[in-house]
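What follows is the content of model_37.txt (compact mmCIF, C-alpha atoms).
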# COMPACT_ATOMS: atom_id res chain seq x y z
CA MET A 468 93.71 -20.49 -34.78
CA ASN A 469 93.55 -19.44 -31.18
CA HIS A 470 96.69 -19.79 -29.08
CA GLN A 471 96.20 -21.36 -25.65
CA ASN A 472 98.47 -19.91 -22.98
CA PRO A 473 98.59 -21.55 -19.55
CA PRO A 474 97.05 -21.31 -17.02
CA PHE A 475 94.18 -20.25 -19.30
CA GLY A 476 92.73 -22.04 -22.30
CA ILE A 477 92.72 -25.78 -22.81
CA GLU A 478 95.83 -26.97 -21.04
CA TRP A 479 95.92 -30.48 -22.50
CA THR A 480 96.53 -29.07 -26.00
CA ARG A 481 100.07 -28.28 -24.83
CA ILE A 482 101.41 -31.76 -25.52
CA ARG A 483 104.67 -32.90 -23.99
CA ARG A 484 107.20 -34.57 -26.29
CA GLY A 485 109.96 -35.81 -24.02
CA GLU A 486 111.09 -32.75 -22.07
CA ILE A 487 109.55 -30.33 -24.59
CA ARG A 488 106.07 -28.86 -24.11
CA LEU A 489 104.51 -27.89 -27.43
CA PRO A 490 102.42 -24.75 -27.83
CA GLY A 491 98.69 -25.45 -27.90
CA TYR A 492 95.99 -24.09 -30.21
CA THR A 493 92.32 -24.50 -30.99
CA TRP A 494 91.26 -24.68 -34.63
CA ASN A 495 87.56 -24.48 -35.42
CA VAL A 496 86.85 -24.85 -39.11
CA GLU A 497 83.49 -26.14 -37.91
CA ALA A 498 81.56 -24.27 -35.24
CA GLY A 499 78.29 -24.75 -33.41
CA CYS A 500 76.83 -27.92 -31.90
CA LYS A 501 73.37 -29.45 -31.78
CA HIS A 502 73.93 -31.98 -28.99
CA GLY A 503 72.53 -29.70 -26.30
CA CYS A 504 74.63 -31.24 -23.51
CA ARG A 505 73.77 -30.39 -19.91
CA TRP A 506 75.04 -31.52 -16.53
CA ARG A 507 73.21 -31.63 -13.22
CA MET A 508 75.26 -29.99 -10.47
CA PRO A 509 75.25 -31.33 -6.88
CA SER A 510 73.15 -28.27 -5.99
CA GLY A 511 70.52 -29.42 -8.48
CA LYS A 512 71.29 -26.60 -10.89
CA ILE A 513 71.71 -27.53 -14.55
CA ALA A 514 74.99 -26.37 -16.14
CA ILE A 515 75.35 -25.84 -19.89
CA CYS A 516 78.27 -26.70 -22.17
CA TYR A 517 81.19 -24.24 -21.82
CA ALA A 518 81.34 -23.77 -25.60
CA GLU A 519 77.66 -22.88 -25.70
CA SER A 520 78.22 -20.44 -22.85
CA VAL A 521 81.06 -18.75 -24.76
CA ALA A 522 79.11 -18.67 -28.02
CA GLU A 523 75.98 -17.19 -26.47
CA ARG A 524 77.87 -14.53 -24.50
CA VAL A 525 81.36 -13.18 -25.29
CA ALA A 526 81.47 -14.63 -28.84
CA SER A 527 77.82 -14.03 -29.76
CA ALA A 528 78.77 -11.89 -32.78
CA ALA A 529 80.39 -14.97 -34.36
CA TYR A 530 77.23 -17.04 -33.79
CA PRO A 531 74.41 -14.91 -35.26
CA ASN A 532 72.07 -17.90 -35.44
CA GLY A 533 72.93 -19.18 -31.97
CA PHE A 534 75.19 -22.04 -30.93
CA GLU A 535 72.83 -24.82 -32.08
CA HIS A 536 73.57 -24.00 -35.71
CA HIS A 537 76.13 -25.31 -38.19
CA TYR A 538 78.84 -22.84 -39.21
CA PHE A 539 81.55 -23.79 -41.72
CA HIS A 540 84.67 -21.59 -42.07
CA PRO A 541 86.64 -22.81 -45.13
CA ASP A 542 88.85 -19.71 -44.87
CA ARG A 543 90.39 -21.30 -41.75
CA LEU A 544 91.36 -24.57 -43.42
CA GLU A 545 94.93 -23.58 -44.30
CA GLU A 546 95.84 -22.16 -40.88
CA PRO A 547 97.77 -25.22 -39.54
CA LEU A 548 99.82 -25.36 -42.75
CA ARG A 549 101.03 -21.81 -42.16
CA LEU A 550 102.16 -22.70 -38.64
CA LYS A 551 105.60 -24.27 -39.09
CA THR A 552 106.43 -24.92 -35.42
CA PRO A 553 105.02 -28.27 -34.22
CA ALA A 554 102.03 -27.79 -31.95
CA GLY A 555 99.11 -29.53 -30.33
CA ILE A 556 95.91 -28.48 -32.08
CA PHE A 557 92.40 -29.18 -30.79
CA LEU A 558 90.10 -29.64 -33.79
CA ASP A 559 86.73 -28.87 -32.29
CA SER A 560 86.65 -26.87 -29.09
CA MET A 561 83.56 -24.99 -30.34
CA SER A 562 81.94 -27.80 -32.30
CA ASP A 563 81.83 -31.58 -32.73
CA LEU A 564 83.58 -32.54 -35.97
CA MET A 565 81.75 -35.90 -35.95
CA GLY A 566 78.35 -34.29 -35.37
CA ALA A 567 75.62 -35.91 -37.50
CA TRP A 568 74.78 -32.50 -39.04
CA ILE A 569 78.25 -31.92 -40.51
CA PRO A 570 78.61 -32.91 -44.20
CA GLU A 571 81.07 -35.69 -44.91
CA ASP A 572 82.95 -33.58 -47.44
CA GLU A 573 83.67 -30.90 -44.83
CA ILE A 574 85.05 -33.50 -42.42
CA LYS A 575 87.30 -34.90 -45.14
CA GLN A 576 88.63 -31.43 -45.90
CA VAL A 577 89.63 -31.00 -42.25
CA LEU A 578 91.26 -34.43 -42.07
CA ASP A 579 93.13 -33.79 -45.34
CA VAL A 580 94.75 -30.72 -43.78
CA CYS A 581 95.66 -32.79 -40.71
CA ALA A 582 97.44 -35.29 -42.94
CA ARG A 583 99.27 -32.55 -44.85
CA ALA A 584 100.31 -30.77 -41.64
CA HIS A 585 102.05 -33.93 -40.43
CA TRP A 586 104.38 -32.10 -38.01
CA HIS A 587 101.45 -31.15 -35.75
CA THR A 588 99.46 -33.36 -33.38
CA PHE A 589 95.70 -32.87 -33.73
CA GLN A 590 93.20 -33.78 -31.03
CA LEU A 591 89.62 -34.69 -31.90
CA LEU A 592 86.88 -35.07 -29.30
CA THR A 593 83.32 -36.22 -30.02
CA LYS A 594 80.10 -37.28 -28.36
CA ASN A 595 79.03 -39.05 -31.55
CA ALA A 596 81.45 -41.98 -31.50
CA PRO A 597 79.59 -44.16 -34.06
CA ARG A 598 80.49 -41.76 -36.86
CA LEU A 599 84.20 -42.34 -36.21
CA LEU A 600 83.90 -45.64 -38.07
CA ASN A 601 83.05 -43.79 -41.30
CA PHE A 602 86.48 -42.21 -41.65
CA GLN A 603 90.16 -43.05 -41.81
CA PHE A 604 92.28 -40.79 -39.65
CA PRO A 605 95.90 -39.72 -40.15
CA ASP A 606 98.30 -41.08 -37.53
CA ASN A 607 98.85 -37.57 -36.14
CA VAL A 608 95.19 -37.26 -35.08
CA TRP A 609 94.44 -38.37 -31.52
CA VAL A 610 90.87 -39.65 -31.74
CA GLY A 611 88.85 -39.14 -28.57
CA ALA A 612 85.33 -39.28 -27.19
CA SER A 613 83.69 -37.66 -24.19
CA SER A 614 82.03 -39.53 -21.36
CA PRO A 615 78.23 -39.15 -21.55
CA PRO A 616 76.58 -35.97 -20.22
CA ASP A 617 73.50 -35.95 -17.99
CA PHE A 618 71.28 -34.44 -20.68
CA MET A 619 71.54 -34.66 -24.46
CA PHE A 620 69.20 -33.48 -27.23
CA GLY A 621 66.89 -32.07 -24.57
CA LYS A 622 66.42 -35.36 -22.73
CA GLU A 623 67.83 -36.54 -19.40
CA LEU A 624 69.89 -39.73 -19.59
CA SER A 625 69.44 -42.40 -16.96
CA ARG A 626 72.52 -44.01 -15.44
CA LYS A 627 71.70 -47.13 -17.49
CA GLN A 628 71.66 -45.06 -20.67
CA GLN A 629 74.93 -43.34 -19.77
CA THR A 630 76.59 -46.68 -19.13
CA ALA A 631 75.30 -48.09 -22.43
CA MET A 632 76.61 -45.00 -24.23
CA LEU A 633 80.03 -45.38 -22.61
CA VAL A 634 80.14 -49.06 -23.55
CA ARG A 635 79.34 -48.17 -27.15
CA THR A 636 81.94 -45.39 -27.14
CA LEU A 637 84.74 -47.64 -25.85
CA THR A 638 83.75 -50.44 -28.23
CA ILE A 639 84.00 -48.06 -31.19
CA LEU A 640 87.24 -46.44 -30.05
CA SER A 641 88.86 -49.87 -29.84
CA LEU A 642 88.18 -50.26 -33.58
CA VAL A 643 89.66 -46.92 -34.68
CA LYS A 644 93.09 -47.38 -36.28
CA VAL A 645 95.23 -44.59 -34.83
CA PRO A 646 98.17 -44.68 -32.38
CA VAL A 647 96.33 -42.66 -29.71
CA ARG A 648 92.70 -43.08 -28.70
CA TRP A 649 91.40 -41.27 -25.65
CA VAL A 650 88.45 -40.38 -23.45
CA SER A 651 87.64 -37.14 -21.67
CA PHE A 652 86.05 -37.92 -18.30
CA GLU A 653 84.97 -34.36 -17.64
CA PRO A 654 83.19 -34.11 -15.43
CA LEU A 655 83.81 -37.38 -13.64
CA SER A 656 80.43 -37.52 -11.89
CA TYR A 657 80.02 -41.21 -11.06
CA ASP A 658 82.07 -44.42 -10.87
CA VAL A 659 82.82 -45.54 -14.45
CA SER A 660 85.64 -47.90 -13.50
CA GLU A 661 83.77 -51.18 -14.01
CA THR A 662 82.78 -50.13 -17.52
CA VAL A 663 86.29 -48.99 -18.47
CA LYS A 664 87.70 -52.21 -17.01
CA GLN A 665 85.89 -54.19 -19.71
CA PHE A 666 87.92 -52.55 -22.48
CA PRO A 667 91.66 -53.03 -21.95
CA GLY A 668 93.62 -51.53 -24.82
CA ALA A 669 90.72 -49.39 -26.06
CA ILE A 670 92.40 -46.12 -25.06
CA GLN A 671 95.93 -44.86 -24.48
CA TRP A 672 95.13 -41.51 -22.82
CA SER A 673 92.51 -40.02 -20.51
CA VAL A 674 91.65 -36.50 -19.40
CA ILE A 675 89.86 -36.22 -16.05
CA GLY A 676 88.14 -33.10 -14.75
CA ALA A 677 85.66 -31.71 -12.26
CA ALA A 678 82.17 -30.39 -12.85
CA SER A 679 81.80 -26.63 -12.94
CA ASP A 680 79.17 -23.94 -12.85
CA GLY A 681 80.83 -20.66 -13.69
CA ARG A 682 83.50 -20.16 -11.02
CA LEU A 683 82.06 -22.89 -8.80
CA LEU A 684 83.82 -26.25 -9.04
CA TYR A 685 82.40 -29.61 -8.01
CA PRO A 686 85.13 -32.24 -7.74
CA PRO A 687 84.39 -35.94 -8.16
CA ALA A 688 84.13 -38.26 -5.20
CA GLU A 689 87.55 -39.50 -4.10
CA LEU A 690 86.54 -43.16 -4.44
CA ASP A 691 85.20 -42.60 -7.98
CA LEU A 692 88.57 -41.13 -8.98
CA LEU A 693 90.62 -43.78 -7.17
CA HIS A 694 88.64 -46.65 -8.71
CA LEU A 695 89.09 -45.19 -12.20
CA LEU A 696 92.81 -44.60 -11.66
CA ASP A 697 93.28 -48.22 -10.56
CA VAL A 698 91.78 -49.40 -13.85
CA LEU A 699 93.59 -46.88 -16.05
CA ASP A 700 96.96 -47.62 -14.45
CA ALA A 701 96.41 -51.37 -14.83
CA GLN A 702 95.71 -50.78 -18.54
CA ASN A 703 98.77 -48.49 -18.89
CA VAL A 704 96.58 -45.53 -19.86
CA ARG A 705 98.23 -42.13 -19.37
CA VAL A 706 96.30 -39.72 -17.16
CA PHE A 707 96.00 -35.93 -17.48
CA TYR A 708 94.23 -33.89 -14.83
CA LYS A 709 92.34 -30.79 -15.93
CA GLY A 710 93.22 -27.74 -13.87
CA ASN A 711 89.78 -27.72 -12.26
CA LEU A 712 90.57 -31.06 -10.61
CA ARG A 713 92.74 -29.18 -8.11
CA SER A 714 89.43 -28.64 -6.34
CA LEU A 715 89.86 -32.22 -5.08
CA PRO A 716 92.66 -32.28 -2.45
CA LEU A 717 93.58 -35.88 -3.26
CA ALA A 718 94.22 -34.96 -6.90
CA ALA A 719 96.04 -31.73 -6.02
CA LYS A 720 98.39 -33.65 -3.75
CA HIS A 721 99.21 -36.31 -6.35
CA TRP A 722 99.04 -34.27 -9.52
CA ARG A 723 99.25 -35.96 -12.94
CA GLU A 724 99.84 -34.38 -16.36
CA GLU A 725 100.81 -37.36 -18.47
CA PHE A 726 100.76 -37.69 -22.24
CA PRO A 727 100.98 -40.80 -24.39
CA THR A 728 104.29 -41.39 -26.12

If you convert what's in this file into structure tokens, what do you get?
Amino acid sequence: MNHQNPPFGIEWTRIRRGEIRLPGYTWNVEAGCKHGCRWRMPSGKIAICYAESVAERVASAAYPNGFEHHYFHPDRLEEPLRLKTPAGIFLDSMSDLMGAWIPEDEIKQVLDVCARAHWHTFQLLTKNAPRLLNFQFPDNVWVGASSPPDFMFGKELSRKQQTAMLVRTLTILSLVKVPVRWVSFEPLSYDVSETVKQFPGAIQWSVIGAASDGRLLYPPAELDLLHLLDVLDAQNVRVFYKGNLRSLPLAAKHWREEFPT
């Protein structure tokens, strides 16, 4: 597993339990992704997935067949069991555990370890929400889905398609039987508040971030953020701001790093 030290790494893996902040890790038994997600920057430039960027550059030796390939690392399965201090562990920072290409048996092996390592909190994040309904998840797995990208599988999504995908995602999340269901709105690139408003109780946690292109950050529009916050607060959904959201002065001034209880 890879340890995530602030301010680097994935800050929302460092879950707060009361006044205690747990250490955060990433754990990638599965690696590689075939979704091909892309985002259109305000400049018109197309940005690729951060995991793909890492895999194709600094970690290229670990991805000899490229990022759009399925890699299974069974030798990593036991790692959370050897870590005795409770931690927040992100299951798929370099993959999508619910990806259609991943064999069911491999997914069950990962979830079995999650159940056995009951002292940890695991965080799952997918862009393939429909497959969530094929599995039962231990209570210590926070089941999440990402808001739709601008491009997927090599095709650009219209706003209508993105909205339909978000509706489907929230519908499915509301059916998953775990204490914490969540959505990553990163980047928050348009007003999703009216869609989220239709699904009270579907999620208990949200992560909100800006768009990025290397070191360049593109914060969301203030009104898009404010409208979403109004809905999330009304639904008692906890809100966590990604560090890149400090690029929006409104967010930086009223910073939020909340976790579900």

Which residues of range 546-659 of chain A have any atom within 9 Å of an atom in range 670-679 of chain A when counting only C-alpha atoms, and what is the closest pair of atoms for each, with the distance in Å to one decimal? Order the rows by chain and rising number and write it as a tab-separated table.
residue	atom	partner	partner_atom	distance
A:Gly611	CA	A:Ile670	CA	8.6
A:Leu637	CA	A:Ile670	CA	7.8
A:Leu640	CA	A:Ile670	CA	7.2
A:Ser641	CA	A:Ile670	CA	7.0
A:Pro646	CA	A:Gln671	CA	8.2
A:Val647	CA	A:Gln671	CA	5.7
A:Arg648	CA	A:Ile670	CA	4.8
A:Trp649	CA	A:Trp672	CA	4.7
A:Val650	CA	A:Ser673	CA	5.0
A:Ser651	CA	A:Val674	CA	4.7
A:Phe652	CA	A:Ile675	CA	4.7
A:Glu653	CA	A:Gly676	CA	4.5
A:Pro654	CA	A:Ala678	CA	4.6
A:Leu655	CA	A:Ala677	CA	6.1
A:Ser656	CA	A:Ala678	CA	7.4

Take the selection from the previous step and output its residues with C-alpha atoms, as an mmCIF file, keeping the file's coordinate frame.
data_model
loop_
_atom_site.group_PDB
_atom_site.id
_atom_site.type_symbol
_atom_site.label_atom_id
_atom_site.label_comp_id
_atom_site.auth_asym_id
_atom_site.auth_seq_id
_atom_site.Cartn_x
_atom_site.Cartn_y
_atom_site.Cartn_z
ATOM 1 C CA GLY A 611 88.850 -39.140 -28.570
ATOM 2 C CA LEU A 637 84.740 -47.640 -25.850
ATOM 3 C CA LEU A 640 87.240 -46.440 -30.050
ATOM 4 C CA SER A 641 88.860 -49.870 -29.840
ATOM 5 C CA PRO A 646 98.170 -44.680 -32.380
ATOM 6 C CA VAL A 647 96.330 -42.660 -29.710
ATOM 7 C CA ARG A 648 92.700 -43.080 -28.700
ATOM 8 C CA TRP A 649 91.400 -41.270 -25.650
ATOM 9 C CA VAL A 650 88.450 -40.380 -23.450
ATOM 10 C CA SER A 651 87.640 -37.140 -21.670
ATOM 11 C CA PHE A 652 86.050 -37.920 -18.300
ATOM 12 C CA GLU A 653 84.970 -34.360 -17.640
ATOM 13 C CA PRO A 654 83.190 -34.110 -15.430
ATOM 14 C CA LEU A 655 83.810 -37.380 -13.640
ATOM 15 C CA SER A 656 80.430 -37.520 -11.890
#

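Across A:Leu592, A:Ala701, A:Ala584, A:Leu690, the tightest approach to Leu544 in chain A is made by A:Ala584 when counting only C-alpha atoms.
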
## Note on the structure
The distance between CA of Tyr538 in chain A and CA of Arg682 in chain A is 28.7 Å

### Message
Give me the residues near range 501-508 of chain A as a ChimeraX atom specification, where near means some atom within 10 Å (using all atoms listed in the file) and where sequence neighbours in that chain fewer than 2 positions away do not count.
### Response
/A:499,510-517,519,534-537,562-563,566-568,594-595,615-623,654,656,678-680,683-685

## Note on the structure
As a check of understanding: the span from CA of Asp606 in chain A to CA of His587 in chain A is 10.6 Å

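Separating CA of Gly681 in chain A from CA of Val521 in chain A is a distance of 11.2 Å.
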
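If you count only C-alpha atoms and draw a sphere of 6 Å around (94.1, -37.8, -32.7), the protein and nucleic acid residues inside it come out as Phe589, Gln590, Leu591, Asn607, Val608, Trp609 and Val610 of chain A.
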
Next, dump the selected residues to file, keeping only C-alpha atoms, as an mmCIF file, in the frame of the given file.
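Full text of result_7.cif as output:
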data_model
loop_
_atom_site.group_PDB
_atom_site.id
_atom_site.type_symbol
_atom_site.label_atom_id
_atom_site.label_comp_id
_atom_site.auth_asym_id
_atom_site.auth_seq_id
_atom_site.Cartn_x
_atom_site.Cartn_y
_atom_site.Cartn_z
ATOM 1 C CA PHE A 589 95.700 -32.870 -33.730
ATOM 2 C CA GLN A 590 93.200 -33.780 -31.030
ATOM 3 C CA LEU A 591 89.620 -34.690 -31.900
ATOM 4 C CA ASN A 607 98.850 -37.570 -36.140
ATOM 5 C CA VAL A 608 95.190 -37.260 -35.080
ATOM 6 C CA TRP A 609 94.440 -38.370 -31.520
ATOM 7 C CA VAL A 610 90.870 -39.650 -31.740
#

### Message
Report as a PyMOL selection string all protein, DNA and RNA residues lying within 10 Å of Gln702 in chain A, evaluated on all atoms listed in the file, omitting residues in the same chain fewer than 4 positions from it.
### Response
chain A and resi 663-664+666-671+696-698

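If you measure from each of A:Leu693, A:Ala518, A:Val496, A:Ala528 to Pro541 in chain A using all atoms listed in the file, the closest one turns out to be A:Val496.
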
### Task
Give me the residues within 6 Å of Leu489 in chain A as a VMD selection string, counting only C-alpha atoms and dropping any in the same chain fewer than 2 places off.
chain A and resid 481 to 482 554
